[in-house]
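Right, one structure below, let's go through it.
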Amino acid sequence: QVQLVESGGGLVQAGGSLRLSCAASGRTFSSYTMGWFRQAPGKEREFVAATDRSGGITYYADSLKGRFTISRDNAENTVYLQMNSLKPEDTAVYYCAAGSRTGGTTRWRFKPVSAYDYWGQGTQVTVSS
């Protein structure tokens, strides 16, 4: 069982930056793939970024490459999402998630909502124009 708690959301102007954190409970954090998703009002939850258990492999939504960076600190049981050059369309609730798929393609392991077993409660990010 893993419990996830996101923090770091808030209101920011377009062009600004935010860093989200997700703190995990339990001793097995390093055994999970960690991902970030977001969900805007009236839209489906969409994949943002993910990293493998060591943090050595990262995977991003094509539209977000270059602006968002995922990282993890296994000693601190925390995964981060650095978001730069924010746009109003980045406004959403951001969720972190922990998954345990192995094998297959990187896309299969990281991208689907169904690849993740545990979810945080979300943190709101609002970008004003």
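Each chain in the structure tokens gets a letter, A, B and so on, in the order shown; residues start at 1 in every chain, and ligands are counted from 1 in the order they appear.
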Item to check | Shell of 10 Å around Thr123 in chain A, only C-alpha atoms, local chain residues under 3 positions omitted, as an MDAnalysis selection string | outcome: chainID A and resid 5:10 20:22 38 92:96 120 126
Item to check | DSSP alpha helix (DSSP H) selection over chain A, as a ChimeraX atom specification | outcome: /A:106-110
Prev. selection, N, CA, C and O atoms, output as a PDB file, in the first residue's frame:
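Contents of selection_2.pdb, as written:
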```pdb
ATOM      1  N   THR A 106       7.899   1.190 -23.197  1.00  0.00           N
ATOM      2  CA  THR A 106       7.910   2.303 -22.259  1.00  0.00           C
ATOM      3  C   THR A 106       6.535   2.967 -22.223  1.00  0.00           C
ATOM      4  O   THR A 106       6.029   3.301 -21.150  1.00  0.00           O
ATOM      5  N   ARG A 107       5.971   3.157 -23.380  1.00  0.00           N
ATOM      6  CA  ARG A 107       4.649   3.774 -23.455  1.00  0.00           C
ATOM      7  C   ARG A 107       3.638   2.959 -22.651  1.00  0.00           C
ATOM      8  O   ARG A 107       2.851   3.518 -21.901  1.00  0.00           O
ATOM      9  N   TRP A 108       3.638   1.655 -22.760  1.00  0.00           N
ATOM     10  CA  TRP A 108       2.672   0.793 -22.056  1.00  0.00           C
ATOM     11  C   TRP A 108       2.892   0.850 -20.552  1.00  0.00           C
ATOM     12  O   TRP A 108       1.960   0.811 -19.759  1.00  0.00           O
ATOM     13  N   ARG A 109       4.141   0.927 -20.141  1.00  0.00           N
ATOM     14  CA  ARG A 109       4.450   0.955 -18.719  1.00  0.00           C
ATOM     15  C   ARG A 109       4.078   2.290 -18.082  1.00  0.00           C
ATOM     16  O   ARG A 109       3.688   2.346 -16.915  1.00  0.00           O
ATOM     17  N   PHE A 110       4.189   3.378 -18.871  1.00  0.00           N
ATOM     18  CA  PHE A 110       4.129   4.706 -18.247  1.00  0.00           C
ATOM     19  C   PHE A 110       2.848   5.491 -18.536  1.00  0.00           C
ATOM     20  O   PHE A 110       2.417   6.274 -17.695  1.00  0.00           O
TER      21      PHE A 110
END
```
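When the distance limit is 8 Å and only C-alpha atoms are what count, the residues near Asp52 in chain A, minus those fewer than 2 positions from it on the same chain, are Tyr32, Thr33, Met34, Ala50, Ser54, Gly55, Gly56, Ile57 and Thr58 of chain A.
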Checklist entry - What is the distance between CA of Asn84 in chain A and CA of Phe37 in chain A, in Å to one decimal? => result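 That distance, rounded to one decimal, is 16.1 Å.
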Leaving out Ala23 in chain A and any residue of its chain fewer than 5 positions from it, which residues lie within 12 Å of it when counting only C-alpha atoms, given as a short mmCIF file (atom, residue, chain, number, x, y, z; two decimals) with C-alpha atoms, in the first residue's frame?
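Output file part-v1.cif follows:
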```cif
data_model
loop_
_atom_site.label_atom_id
_atom_site.label_comp_id
_atom_site.auth_asym_id
_atom_site.auth_seq_id
_atom_site.Cartn_x
_atom_site.Cartn_y
_atom_site.Cartn_z
CA VAL A 2 1.29 3.43 -0.93
CA GLN A 3 -0.20 6.75 0.09
CA LEU A 4 0.57 9.79 -2.04
CA VAL A 5 0.22 13.44 -1.10
CA GLU A 6 0.74 16.20 -3.64
CA SER A 7 1.71 19.76 -2.84
CA GLY A 8 3.01 22.88 -4.56
CA PHE A 29 8.67 3.82 -2.96
CA MET A 34 5.89 7.27 -10.65
CA ARG A 72 12.46 11.65 -8.03
CA ASP A 73 14.41 11.34 -4.82
CA ASN A 74 14.13 7.80 -3.53
CA ALA A 75 15.88 8.69 -0.29
CA GLU A 76 13.12 11.23 0.39
CA ASN A 77 10.26 9.13 -1.07
CA THR A 78 9.32 12.08 -3.24
CA VAL A 79 8.67 12.71 -6.90
CA TYR A 80 8.70 16.18 -8.41
CA LEU A 81 7.28 17.93 -11.44
CA TYR A 95 -2.25 14.03 -9.69
CA CYS A 96 0.69 11.83 -8.92
CA ALA A 97 0.42 8.09 -9.20
CA ALA A 98 2.42 4.97 -8.45
CA TRP A 119 -3.24 7.91 -6.71
CA GLY A 120 -2.92 11.07 -4.70
CA GLN A 121 -5.77 13.46 -4.04
CA GLY A 122 -4.50 16.07 -6.49
#
```
Checklist entry - If you run DSSP on the backbone, which residues of chain A are strand (DSSP E or B), as an MDAnalysis selection string? => result chainID A and resid 4:7 10:13 18:24 33:39 46:51 58:60 65 68:73 78:83 92:99 116:119 123:128
Next on the checklist: Can you tell me which residues surround Tyr60 in chain A at a distance of at most 10 Å, considering only C-alpha atoms, apart from same-chain residues fewer than 6 positions away, and format the answer as a VMD selection string?
Outcome noted: chain A and resid 35 to 36 47 to 51 66 68 to 70 107 110 to 111
Prev. selection, all heavy atoms, output as a compact mmCIF listing (two decimals), in the first residue's frame:
```
# COMPACT_ATOMS: atom_id res chain seq x y z
N GLY A 35 4.24 8.56 -11.82
CA GLY A 35 3.74 9.37 -12.92
C GLY A 35 2.98 10.58 -12.43
O GLY A 35 2.54 10.64 -11.27
N TRP A 36 2.86 11.56 -13.31
CA TRP A 36 2.02 12.73 -13.09
C TRP A 36 0.97 12.77 -14.20
O TRP A 36 1.27 12.56 -15.38
CB TRP A 36 2.84 14.02 -13.13
CG TRP A 36 3.68 14.27 -11.92
CD1 TRP A 36 5.00 13.97 -11.77
CD2 TRP A 36 3.26 14.87 -10.70
NE1 TRP A 36 5.43 14.36 -10.52
CE2 TRP A 36 4.37 14.91 -9.84
CE3 TRP A 36 2.04 15.39 -10.23
CZ2 TRP A 36 4.31 15.45 -8.55
CZ3 TRP A 36 1.98 15.93 -8.96
CH2 TRP A 36 3.11 15.95 -8.14
N PHE A 47 -2.17 12.05 -19.34
CA PHE A 47 -0.79 11.78 -18.93
C PHE A 47 0.07 13.01 -19.11
O PHE A 47 -0.03 13.71 -20.11
CB PHE A 47 -0.23 10.62 -19.77
CG PHE A 47 1.22 10.37 -19.57
CD1 PHE A 47 1.68 9.69 -18.46
CD2 PHE A 47 2.14 10.82 -20.51
CE1 PHE A 47 3.04 9.46 -18.27
CE2 PHE A 47 3.50 10.59 -20.34
CZ PHE A 47 3.94 9.91 -19.22
N VAL A 48 0.95 13.25 -18.14
CA VAL A 48 1.89 14.37 -18.20
C VAL A 48 3.32 13.85 -18.32
O VAL A 48 4.02 14.18 -19.28
CB VAL A 48 1.75 15.27 -16.95
CG1 VAL A 48 2.85 16.33 -16.93
CG2 VAL A 48 0.37 15.91 -16.90
N ALA A 49 3.75 13.05 -17.36
CA ALA A 49 5.14 12.59 -17.34
C ALA A 49 5.24 11.41 -16.39
O ALA A 49 4.40 11.23 -15.51
CB ALA A 49 6.08 13.71 -16.88
N ALA A 50 6.31 10.62 -16.57
CA ALA A 50 6.55 9.49 -15.68
C ALA A 50 8.04 9.20 -15.62
O ALA A 50 8.82 9.59 -16.50
CB ALA A 50 5.80 8.26 -16.16
N THR A 51 8.42 8.51 -14.56
CA THR A 51 9.81 8.09 -14.42
C THR A 51 9.86 6.68 -13.87
O THR A 51 8.97 6.26 -13.13
CB THR A 51 10.58 9.07 -13.51
OG1 THR A 51 11.95 8.66 -13.42
CG2 THR A 51 9.99 9.12 -12.10
N GLY A 66 10.11 19.62 -22.93
CA GLY A 66 10.85 20.88 -22.95
C GLY A 66 10.36 21.89 -21.94
O GLY A 66 11.10 22.81 -21.57
N PHE A 68 8.20 20.75 -19.05
CA PHE A 68 8.01 20.04 -17.79
C PHE A 68 9.15 19.04 -17.58
O PHE A 68 9.62 18.42 -18.54
CB PHE A 68 6.69 19.28 -17.80
CG PHE A 68 5.45 20.14 -17.69
CD1 PHE A 68 5.50 21.51 -17.94
CD2 PHE A 68 4.25 19.58 -17.36
CE1 PHE A 68 4.37 22.30 -17.84
CE2 PHE A 68 3.09 20.35 -17.26
CZ PHE A 68 3.15 21.70 -17.52
N THR A 69 9.56 18.88 -16.33
CA THR A 69 10.61 17.92 -15.99
C THR A 69 10.20 17.13 -14.76
O THR A 69 9.86 17.72 -13.73
CB THR A 69 11.94 18.63 -15.71
OG1 THR A 69 12.32 19.42 -16.85
CG2 THR A 69 13.05 17.61 -15.42
N ILE A 70 10.24 15.81 -14.88
CA ILE A 70 9.94 14.95 -13.75
C ILE A 70 11.25 14.45 -13.15
O ILE A 70 12.21 14.18 -13.88
CB ILE A 70 9.03 13.77 -14.16
CG1 ILE A 70 8.56 12.99 -12.93
CG2 ILE A 70 9.74 12.87 -15.17
CD1 ILE A 70 7.50 11.94 -13.25
N ARG A 107 5.97 3.16 -23.38
CA ARG A 107 4.65 3.77 -23.45
C ARG A 107 3.64 2.96 -22.65
O ARG A 107 2.85 3.52 -21.90
CB ARG A 107 4.20 3.87 -24.91
CG ARG A 107 2.83 4.48 -25.12
CD ARG A 107 2.40 4.39 -26.57
NE ARG A 107 1.06 4.87 -26.77
CZ ARG A 107 0.77 6.09 -27.21
NH1 ARG A 107 1.75 6.94 -27.47
NH2 ARG A 107 -0.48 6.48 -27.36
N PHE A 110 4.19 3.38 -18.87
CA PHE A 110 4.13 4.71 -18.25
C PHE A 110 2.85 5.49 -18.54
O PHE A 110 2.42 6.27 -17.69
CB PHE A 110 5.31 5.56 -18.73
CG PHE A 110 6.64 5.15 -18.19
CD1 PHE A 110 7.80 5.73 -18.69
CD2 PHE A 110 6.77 4.19 -17.21
CE1 PHE A 110 9.05 5.36 -18.21
CE2 PHE A 110 8.02 3.82 -16.71
CZ PHE A 110 9.16 4.41 -17.23
N LYS A 111 2.29 5.34 -19.71
CA LYS A 111 1.30 6.32 -20.15
C LYS A 111 -0.15 6.09 -19.71
O LYS A 111 -0.83 7.03 -19.36
CB LYS A 111 1.38 6.50 -21.67
CG LYS A 111 0.63 7.71 -22.16
CD LYS A 111 0.94 8.02 -23.61
CE LYS A 111 0.22 9.28 -24.06
NZ LYS A 111 0.50 9.62 -25.46
```
Item to check | Nearest to Gly15 in chain A by atom-to-atom distance, counting only C-alpha atoms, from A:Gln39, A:Ser129, A:Gln82, A:Ser63 | outcome: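 For Gly15 in chain A, the nearest of the candidates is A:Ser129.
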